[in-house]
$ cat work07.tsv   # TSV, C-alpha atoms
chain	number	residue	atom	x	y	z
A	28	LEU	CA	171.66	84.31	77.42
A	29	LYS	CA	171.61	88.05	76.75
A	30	GLN	CA	174.88	87.60	74.87
A	31	LEU	CA	173.15	85.23	72.41
A	32	ASP	CA	170.71	87.99	71.42
A	33	ILE	CA	173.57	90.49	71.00
A	34	ILE	CA	175.49	88.01	68.82
A	35	ASP	CA	172.41	87.50	66.60
A	36	LYS	CA	171.92	91.23	66.09
A	37	SER	CA	175.62	91.82	65.41
A	38	SER	CA	175.62	88.97	62.87
A	39	GLN	CA	172.61	90.45	61.07
A	40	TYR	CA	174.39	93.80	60.67
A	41	SER	CA	177.56	92.10	59.40
A	42	LEU	CA	175.57	89.97	56.91
A	43	SER	CA	173.77	93.08	55.68
A	44	ASN	CA	177.10	94.84	55.13
A	45	ALA	CA	178.48	91.80	53.30
A	46	SER	CA	175.42	91.68	51.00
A	47	ASN	CA	176.15	95.25	49.95
A	48	GLY	CA	179.23	93.89	48.17
A	49	ASN	CA	176.89	92.78	45.34
A	50	LEU	CA	175.53	96.31	44.89
A	51	PRO	CA	177.02	98.80	42.43
A	52	GLN	CA	179.99	100.68	43.91
A	53	ILE	CA	179.70	104.45	43.51
A	54	ASN	CA	182.70	106.80	43.76
A	55	LEU	CA	183.02	110.56	43.37
A	56	ASN	CA	186.49	111.86	42.50
A	57	GLY	CA	188.11	115.17	41.68
A	58	GLN	CA	191.57	116.47	40.93
A	59	ALA	CA	193.40	119.60	39.91
A	60	THR	CA	196.87	119.17	38.40
A	61	TYR	CA	199.70	121.12	36.85
A	62	GLN	CA	202.01	119.29	34.47
A	63	SER	CA	205.35	120.15	32.93
A	64	ALA	CA	204.30	119.35	29.39
A	65	VAL	CA	201.15	118.84	27.31
A	66	THR	CA	200.34	117.13	24.04
A	67	GLU	CA	201.29	119.24	20.99
A	68	LEU	CA	201.10	118.58	17.26
A	69	PRO	CA	204.66	118.53	15.85
A	70	ILE	CA	203.69	120.41	12.64
A	71	ASN	CA	203.52	124.03	11.52
A	72	ILE	CA	200.84	125.12	9.08
A	73	PRO	CA	201.30	128.57	7.49
A	74	ASN	CA	198.70	131.19	8.41
A	75	MET	CA	197.11	128.80	10.95
A	76	GLU	CA	197.60	128.77	14.70
A	77	ILE	CA	197.09	125.40	16.35
A	78	PRO	CA	195.82	125.92	19.90
A	79	SER	CA	197.77	124.29	22.76
A	80	ILE	CA	196.31	122.79	25.90
A	81	ASP	CA	196.89	124.57	29.23
A	82	LYS	CA	199.24	122.90	31.65
A	83	ASP	CA	196.78	123.35	34.52
A	84	GLN	CA	194.03	120.78	34.23
A	85	TYR	CA	190.88	120.08	36.26
A	86	LYS	CA	188.54	117.14	36.48
A	87	ILE	CA	185.63	116.02	38.66
A	88	TYR	CA	183.80	112.81	37.87
A	89	GLY	CA	181.62	110.06	39.26
A	90	GLU	CA	182.00	106.34	38.59
A	91	ILE	CA	179.62	103.41	39.01
A	92	TYR	CA	181.14	99.93	39.09
A	93	GLN	CA	179.09	96.74	39.08
A	94	PRO	CA	181.25	93.66	39.91
A	95	LEU	CA	180.41	90.54	37.93
A	96	THR	CA	182.76	88.08	39.64
A	97	GLY	CA	182.20	89.15	43.26
A	98	PHE	CA	179.01	87.19	43.98
A	99	THR	CA	180.89	84.02	44.96
A	100	LYS	CA	183.26	85.99	47.20
A	101	VAL	CA	180.33	87.69	48.93
A	102	LYS	CA	178.64	84.30	49.45
A	103	ILE	CA	181.79	82.88	51.09
A	104	LEU	CA	182.12	86.00	53.26
A	105	LYS	CA	178.50	85.65	54.43
A	106	ASN	CA	179.12	81.98	55.27
A	107	LEU	CA	182.20	83.00	57.27
A	108	ILE	CA	180.20	85.61	59.19
A	109	ALA	CA	177.47	83.05	59.93
A	110	HIS	CA	180.05	80.52	61.15
A	111	GLU	CA	181.77	83.11	63.34
A	112	SER	CA	178.39	83.92	64.87
A	113	GLU	CA	177.76	80.22	65.59
A	114	ILE	CA	181.24	79.94	67.13
A	115	GLU	CA	180.51	82.86	69.47
A	116	LYS	CA	177.18	81.28	70.41
A	117	GLN	CA	178.88	77.96	71.10
A	118	LYS	CA	181.35	79.70	73.43
A	119	VAL	CA	178.37	81.09	75.34
A	120	GLU	CA	176.91	77.56	75.49
A	121	ILE	CA	180.18	76.36	77.03
A	122	ASP	CA	179.93	79.10	79.67
A	123	LEU	CA	176.33	78.05	80.32
A	124	TYR	CA	177.48	74.44	80.75
A	125	LYS	CA	179.98	75.60	83.37
A	126	LEU	CA	177.19	77.54	85.08
A	127	LYS	CA	174.92	74.48	85.06
A	128	ASP	CA	177.76	72.38	86.48
A	129	ARG	CA	178.21	74.93	89.28
A	130	ILE	CA	174.48	74.81	90.03
A	131	ASN	CA	174.64	71.01	90.13
A	132	GLN	CA	177.50	71.15	92.61
A	133	LEU	CA	175.53	73.51	94.86
A	134	TYR	CA	172.33	71.46	94.53
A	135	PHE	CA	173.95	68.13	95.37
A	136	GLY	CA	176.01	69.93	98.01
A	137	VAL	CA	172.75	70.85	99.76
A	138	LEU	CA	171.56	67.22	99.55
A	139	LEU	CA	174.87	65.96	100.94
A	140	ILE	CA	174.87	68.47	103.82
A	141	THR	CA	171.26	67.56	104.65
A	142	GLU	CA	172.27	63.89	104.95
A	143	LYS	CA	175.30	64.82	107.05
A	144	ILE	CA	173.08	66.76	109.45
A	145	GLN	CA	170.79	63.73	109.76
A	146	GLN	CA	173.81	61.53	110.54
A	147	TYR	CA	175.04	63.97	113.19
A	148	LYS	CA	171.55	64.01	114.75
A	149	ILE	CA	171.65	60.19	115.00
A	150	ILE	CA	175.05	60.43	116.73
A	151	GLN	CA	173.61	63.17	118.92
A	152	SER	CA	170.75	60.88	119.91
A	153	ASP	CA	173.20	58.04	120.66
A	154	ILE	CA	175.23	60.36	122.91
A	155	ASP	CA	172.09	61.46	124.75
A	156	SER	CA	171.20	57.80	125.38
A	157	ALA	CA	174.75	57.14	126.56
A	158	LEU	CA	174.56	60.12	128.94
A	159	VAL	CA	171.44	58.65	130.55
A	160	LYS	CA	173.19	55.30	131.00
A	161	VAL	CA	176.37	56.98	132.39
A	162	LYS	CA	174.31	58.95	134.89
A	163	ALA	CA	172.81	55.71	136.21
A	164	ALA	CA	176.25	54.06	136.19
A	165	ILE	CA	177.72	56.94	138.19
A	166	GLU	CA	174.96	56.54	140.78
A	167	ASN	CA	175.77	52.82	140.94
A	168	GLY	CA	179.48	53.51	141.17
A	169	THR	CA	180.37	51.75	137.90
A	170	ALA	CA	181.32	54.98	136.06
A	171	THR	CA	183.04	58.24	136.87
A	172	ILE	CA	182.20	61.89	136.34
A	173	THR	CA	185.04	61.99	133.78
A	174	ASP	CA	183.14	59.53	131.62
A	175	ARG	CA	180.16	61.88	131.59
A	176	GLN	CA	182.37	64.90	130.84
A	177	LEU	CA	183.93	63.11	127.86
A	178	LEU	CA	180.46	62.41	126.49
A	179	ASN	CA	179.49	66.07	127.05
A	180	VAL	CA	182.58	67.18	125.11
A	181	GLU	CA	181.61	64.85	122.25
A	182	ARG	CA	178.05	66.21	122.42
A	183	ILE	CA	179.32	69.80	122.10
A	184	SER	CA	181.52	68.77	119.13
A	185	ILE	CA	178.53	67.22	117.36
A	186	ASP	CA	176.45	70.35	118.04
A	187	GLN	CA	179.22	72.44	116.45
A	188	GLN	CA	179.28	70.14	113.40
A	189	ILE	CA	175.51	70.52	113.01
A	190	ASP	CA	175.71	74.31	113.32
A	191	GLU	CA	178.58	74.47	110.81
A	192	ASN	CA	176.73	72.33	108.28
A	193	ARG	CA	173.54	74.34	108.72
A	194	ALA	CA	175.52	77.52	108.02
A	195	ASN	CA	177.04	75.92	104.89
A	196	LYS	CA	173.61	74.75	103.75
A	197	SER	CA	172.23	78.26	104.22
A	198	ALA	CA	175.11	79.70	102.13
A	199	PHE	CA	174.59	77.10	99.38
A	200	LEU	CA	170.85	77.86	99.26
A	201	GLU	CA	171.58	81.58	99.04
A	202	MET	CA	173.98	81.00	96.12
A	203	LEU	CA	171.42	78.76	94.42
A	204	SER	CA	168.84	81.53	94.75
A	205	SER	CA	171.22	84.04	93.15
A	206	LEU	CA	172.16	81.75	90.25
A	207	THR	CA	168.65	80.50	89.46
A	208	GLY	CA	166.64	83.62	90.24
A	209	LYS	CA	164.34	81.53	92.44
A	210	ASN	CA	163.46	82.08	96.09
A	211	ILE	CA	165.05	79.03	97.77
A	212	SER	CA	165.04	79.01	101.58
A	213	GLU	CA	165.59	76.58	104.44
A	214	GLU	CA	161.93	75.59	104.16
A	215	SER	CA	162.26	74.68	100.47
A	216	ILE	CA	162.12	70.98	99.69
A	217	ILE	CA	165.24	69.84	97.84
A	218	LEU	CA	164.37	66.53	96.18
A	219	GLU	CA	166.89	63.84	95.44
A	220	PRO	CA	166.81	62.98	91.70
A	221	THR	CA	165.82	59.47	90.76
A	222	SER	CA	168.60	57.23	89.46
A	223	SER	CA	168.93	57.13	85.69
A	224	VAL	CA	171.06	55.29	83.17
A	225	ILE	CA	174.18	57.31	82.37
A	226	SER	CA	174.51	58.04	78.66
A	227	THR	CA	177.86	57.24	77.08
A	228	THR	CA	177.24	59.65	74.19
A	229	ASN	CA	179.41	62.76	74.39
A	230	ASN	CA	177.27	65.80	73.53
A	231	ARG	CA	179.53	68.45	75.03
A	232	SER	CA	179.37	71.90	73.45
A	233	GLU	CA	183.15	71.96	73.04
A	234	LEU	CA	182.94	69.26	70.34
A	235	GLN	CA	180.48	71.35	68.34
A	236	LEU	CA	182.82	74.33	68.76
A	237	PHE	CA	185.76	72.37	67.34
A	238	ASN	CA	183.64	71.32	64.33
A	239	LEU	CA	182.53	74.90	63.66
A	240	GLN	CA	186.11	76.15	63.90
A	241	SER	CA	187.24	73.51	61.39
A	242	GLN	CA	184.46	74.55	59.00
A	243	SER	CA	185.55	78.19	59.31
A	244	VAL	CA	189.11	77.27	58.37
A	245	ASN	CA	187.79	75.39	55.32
A	246	LEU	CA	185.87	78.50	54.29
A	247	LEU	CA	189.01	80.61	54.75
A	248	GLN	CA	190.86	78.23	52.43
A	249	THR	CA	188.09	78.59	49.83
A	250	GLN	CA	188.23	82.37	50.23
A	251	LEU	CA	192.00	82.25	49.74
A	252	ASN	CA	191.55	80.41	46.43
A	253	LYS	CA	189.07	83.04	45.23
A	254	THR	CA	191.70	85.78	45.63
A	255	LEU	CA	193.47	84.26	42.60
A	256	ILE	CA	190.45	84.86	40.36
A	257	PRO	CA	190.53	88.08	38.28
A	258	ASN	CA	187.88	90.71	38.99
A	259	ILE	CA	185.60	91.62	36.10
A	260	GLY	CA	182.88	94.25	36.20
A	261	LEU	CA	180.89	96.86	34.30
A	262	PHE	CA	181.59	100.54	34.81
A	263	ALA	CA	180.21	103.91	33.76
A	264	GLN	CA	182.00	107.20	34.33
A	265	GLY	CA	180.73	110.72	33.80
A	266	GLY	CA	182.32	114.04	34.65
A	267	TYR	CA	183.23	117.61	33.88
A	268	GLY	CA	186.71	118.96	33.30
A	269	ARG	CA	189.41	120.49	31.16
A	270	PRO	CA	190.33	118.81	28.96
A	271	ALA	CA	187.43	116.39	28.55
A	272	LEU	CA	187.75	113.40	26.20
A	273	ASN	CA	188.88	115.67	23.37
A	274	PHE	CA	192.52	116.33	24.29
A	275	LEU	CA	192.82	118.99	21.61
A	276	SER	CA	190.11	121.12	23.20
A	277	ASN	CA	191.12	123.62	25.85
A	278	GLU	CA	187.56	124.21	27.06
A	279	PHE	CA	185.68	122.86	30.06
A	280	ASP	CA	183.21	120.21	28.93
A	281	PHE	CA	181.05	117.30	30.10
A	282	TYR	CA	181.99	113.75	29.17
A	283	TYR	CA	181.07	110.13	29.85
A	284	ILE	CA	182.59	106.73	29.23
A	285	GLY	CA	181.46	103.17	29.96
A	286	GLY	CA	182.49	99.61	29.39
A	287	ILE	CA	183.87	96.50	31.06
A	288	LYS	CA	186.82	96.54	33.47
A	289	PHE	CA	189.32	93.79	34.21
A	290	ASN	CA	191.54	93.66	37.29
A	291	TRP	CA	193.84	90.90	38.51
A	292	ASN	CA	195.86	91.38	41.68
A	293	ILE	CA	198.83	89.17	40.85
A	294	SER	CA	200.59	90.25	44.06
A	295	SER	CA	198.15	88.01	45.96
A	296	LEU	CA	200.34	85.12	44.79
A	297	TYR	CA	203.18	86.36	47.01
A	298	ASN	CA	201.56	85.23	50.27
A	299	HIS	CA	199.27	82.52	48.88
A	300	LYS	CA	201.53	79.59	49.76
A	301	SER	CA	202.43	80.79	53.27
A	302	THR	CA	198.81	81.67	54.05
A	303	ARG	CA	197.69	78.19	53.00
A	304	LYS	CA	200.33	76.64	55.30
A	305	SER	CA	199.11	78.86	58.14
A	306	LEU	CA	195.52	77.66	57.59
A	307	ASN	CA	196.71	74.04	57.57
A	308	LEU	CA	198.39	74.66	60.93
A	309	MET	CA	195.14	76.10	62.27
A	310	THR	CA	193.35	72.89	61.24
A	311	GLU	CA	196.03	70.82	62.95
A	312	LYS	CA	195.81	72.95	66.10
A	313	ILE	CA	192.03	72.47	66.31
A	314	SER	CA	192.50	68.72	65.86
A	315	VAL	CA	195.05	68.60	68.71
A	316	GLN	CA	192.77	70.65	70.98
A	317	LYS	CA	189.89	68.27	70.25
A	318	GLU	CA	192.09	65.25	70.94
A	319	THR	CA	193.27	66.75	74.25
A	320	PHE	CA	189.70	67.58	75.26
A	321	LEU	CA	188.49	64.02	74.57
A	322	LEU	CA	191.42	62.60	76.54
A	323	ASN	CA	190.62	64.79	79.56
A	324	ILE	CA	186.94	63.81	79.35
A	325	SER	CA	187.92	60.13	79.25
A	326	LEU	CA	190.13	60.54	82.33
A	327	THR	CA	187.36	62.37	84.18
A	328	GLU	CA	184.84	59.66	83.28
A	329	SER	CA	187.19	56.94	84.55
A	330	GLN	CA	187.72	58.81	87.82
A	331	GLN	CA	184.03	59.45	88.38
A	332	SER	CA	183.09	55.85	87.50
A	333	ALA	CA	185.64	54.64	90.05
A	334	GLU	CA	184.24	56.99	92.71

$ encode --input "work07.tsv" --output "structure tokens"
Amino acid sequence: LKQLDIIDKSSQYSLSNASNGNLPQINLNGQATYQSAVTELPINIPNMEIPSIDKDQYKIYGEIYQPLTGFTKVKILKNLIAHESEIEKQKVEIDLYKLKDRINQLYFGVLLITEKIQQYKIIQSDIDSALVKVKAAIENGTATITDRQLLNVERISIDQQIDENRANKSAFLEMLSSLTGKNISEESIILEPTSSVISTTNNRSELQLFNLQSQSVNLLQTQLNKTLIPNIGLFAQGGYGRPALNFLSNEFDFYYIGGIKFNWNISSLYNHKSTRKSLNLMTEKISVQKETFLLNISLTESQQSAE
């Protein structure tokens, strides 16, 4: 249960980080270079010296980029994060189901042991009655001491069975106390549940997990399709360097530039087909796991119904 709270908090941080993808992206860059050649005017004007640009050049600038086509991608990413969070929660629910099943086994184990002890006490009472009758029979000469000794041996065996079951019951109660956080002792009253109609509806957490995993794969397929869409955004860049925007000036100066930027990662097409096939295999794998799970549940139900 503590894990569920941790998963929620982790998901909130991841969703917050994903939302930042819609915010303007800010970068600060700088470079100092030396190049083998610079731009020169291929003319000579008498009595006039045309200045040349230095081969060592310097630039530091900041850039702000606001994506215009990234909102859909961010939305899909947030849906993926939310689904992954639900998948992790569902895995915890499955662990909780196993814990509840273990508690049920201990609880009904205590009930079963209690009934066994009662049965052994009835046998114990029968043996005590038989011992009284054997004693009288021995006095009348119709039974032997061996008959009494055999009954005594059986009596000791029953006493051992009672002691063993009491020890097991004590251990079960101790484990129940640890798992439930409740103080359950030998004096605690363990009630037998009333009979109820068994539901045929399968509400196991594993089925919900399979559905969530399938939805995540569908989102991954949608995300894969979005990688084929070109990226368009607004940008503004301002800096200080030599040369600035005037390539004929050899002085340090401030400059700025802004506009719209277009980017299309065509190399994403290389792996698009194989990635789609991989996602299809993931869907098929989930389907097979679900089919196997339902088959095992059906076999277990048949076995338990027969019992």

$ closest_residue --input "work07.tsv" --among "A:Ile144, A:Ile149, A:Val159, A:Met202" --to "Gln187 (chain A)" --atoms "all atoms listed in the file"
A:Ile144

$ residues_near_point --input "work07.tsv" --point "(180.1, 115.9, 24.8)" --cutoff "12 Å" --atoms "all atoms listed in the file" --output "JSON, numbers by chain"
{"A": [265, 266, 267, 268, 270, 271, 272, 273, 276, 278, 279, 280, 281, 282, 283, 284]}

$ closest_residue --input "work07.tsv" --among "A:Ser243, A:Gln93, A:Asn229, A:Gln151" --to "Leu50 (chain A)" --atoms "all atoms listed in the file"
A:Gln93

$ residues_near_point --input "work07.tsv" --point "(193.3, 74.7, 69.7)" --cutoff "12 Å" --atoms "only C-alpha atoms" --output "JSON, numbers by chain"
{"A": [233, 234, 236, 237, 238, 240, 241, 308, 309, 310, 311, 312, 313, 314, 315, 316, 317, 318, 319, 320]}

$ write_last_selection --input "work07.tsv" --atoms "C-alpha atoms" --output "CSV table (one decimal), in the frame of the given file"
chain,number,residue,atom,x,y,z
A,233,GLU,CA,183.2,72.0,73.0
A,234,LEU,CA,182.9,69.3,70.3
A,236,LEU,CA,182.8,74.3,68.8
A,237,PHE,CA,185.8,72.4,67.3
A,238,ASN,CA,183.6,71.3,64.3
A,240,GLN,CA,186.1,76.2,63.9
A,241,SER,CA,187.2,73.5,61.4
A,308,LEU,CA,198.4,74.7,60.9
A,309,MET,CA,195.1,76.1,62.3
A,310,THR,CA,193.4,72.9,61.2
A,311,GLU,CA,196.0,70.8,63.0
A,312,LYS,CA,195.8,73.0,66.1
A,313,ILE,CA,192.0,72.5,66.3
A,314,SER,CA,192.5,68.7,65.9
A,315,VAL,CA,195.0,68.6,68.7
A,316,GLN,CA,192.8,70.6,71.0
A,317,LYS,CA,189.9,68.3,70.2
A,318,GLU,CA,192.1,65.2,70.9
A,319,THR,CA,193.3,66.8,74.2
A,320,PHE,CA,189.7,67.6,75.3

$ residues_around --input "work07.tsv" --residues "Ser184 (chain A)" --least-positions-apart "4" --cutoff "12 Å" --atoms "only C-alpha atoms" --output "list in words"
Tyr147, Lys148, Ile150, Gln151, Ile154, Leu177, Leu178, Asn179, Val180, Gln188, Ile189, Asp190 and Glu191 of chain A

$ residues_around --input "work07.tsv" --residues "region 51-53 of chain A" --least-positions-apart "3" --cutoff "12 Å" --atoms "all atoms listed in the file" --output "NGL selection string"
:A and (46-48 or 56 or 88-95 or 97-98 or 260-265)

$ residues_around --input "work07.tsv" --residues "Gln39 (chain A)" --least-positions-apart "5" --cutoff "12 Å" --atoms "only C-alpha atoms" --output "PyMOL selection string"
chain A and resi 32-34+44-46+105+108-109+111-112

$ residues_around --input "work07.tsv" --residues "region 60-65 of chain A" --least-positions-apart "2" --cutoff "6 Å" --atoms "only C-alpha atoms" --output "PyMOL selection string"
chain A and resi 82-84

$ closest_residue --input "work07.tsv" --among "A:Val137, A:Leu42, A:Leu126, A:Leu107" --to "Ala194 (chain A)" --atoms "only C-alpha atoms"
A:Val137

$ closest_residue --input "work07.tsv" --among "A:Ile140, A:Lys160, A:Asp128, A:Gln250" --to "Leu104 (chain A)" --atoms "only C-alpha atoms"
A:Gln250

$ closest_residue --input "work07.tsv" --among "A:Glu213, A:Asp81, A:Asp186, A:Glu115" --to "Gln146 (chain A)" --atoms "all atoms listed in the file"
A:Asp186

$ atom_distance --input "work07.tsv" --atom1 "CA of Ile217 (chain A)" --atom2 "CA of Ser332 (chain A)"
24.9 Å

$ atom_distance --input "work07.tsv" --atom1 "CA of Ala333 (chain A)" --atom2 "CA of Tyr124 (chain A)"
23.3 Å

$ closest_residue --input "work07.tsv" --among "A:Asn245, A:Leu138, A:Lys300, A:Glu76" --to "Ile216 (chain A)" --atoms "only C-alpha atoms"
A:Leu138

$ atom_distance --input "work07.tsv" --atom1 "CA of Leu247 (chain A)" --atom2 "CA of Phe289 (chain A)"
24.4 Å

$ residues_around --input "work07.tsv" --residues "Leu203 (chain A)" --least-positions-apart "3" --cutoff "10 Å" --atoms "all atoms listed in the file" --output "MDAnalysis selection string"
chainID A and resid 129:134 137 197:200 206:212
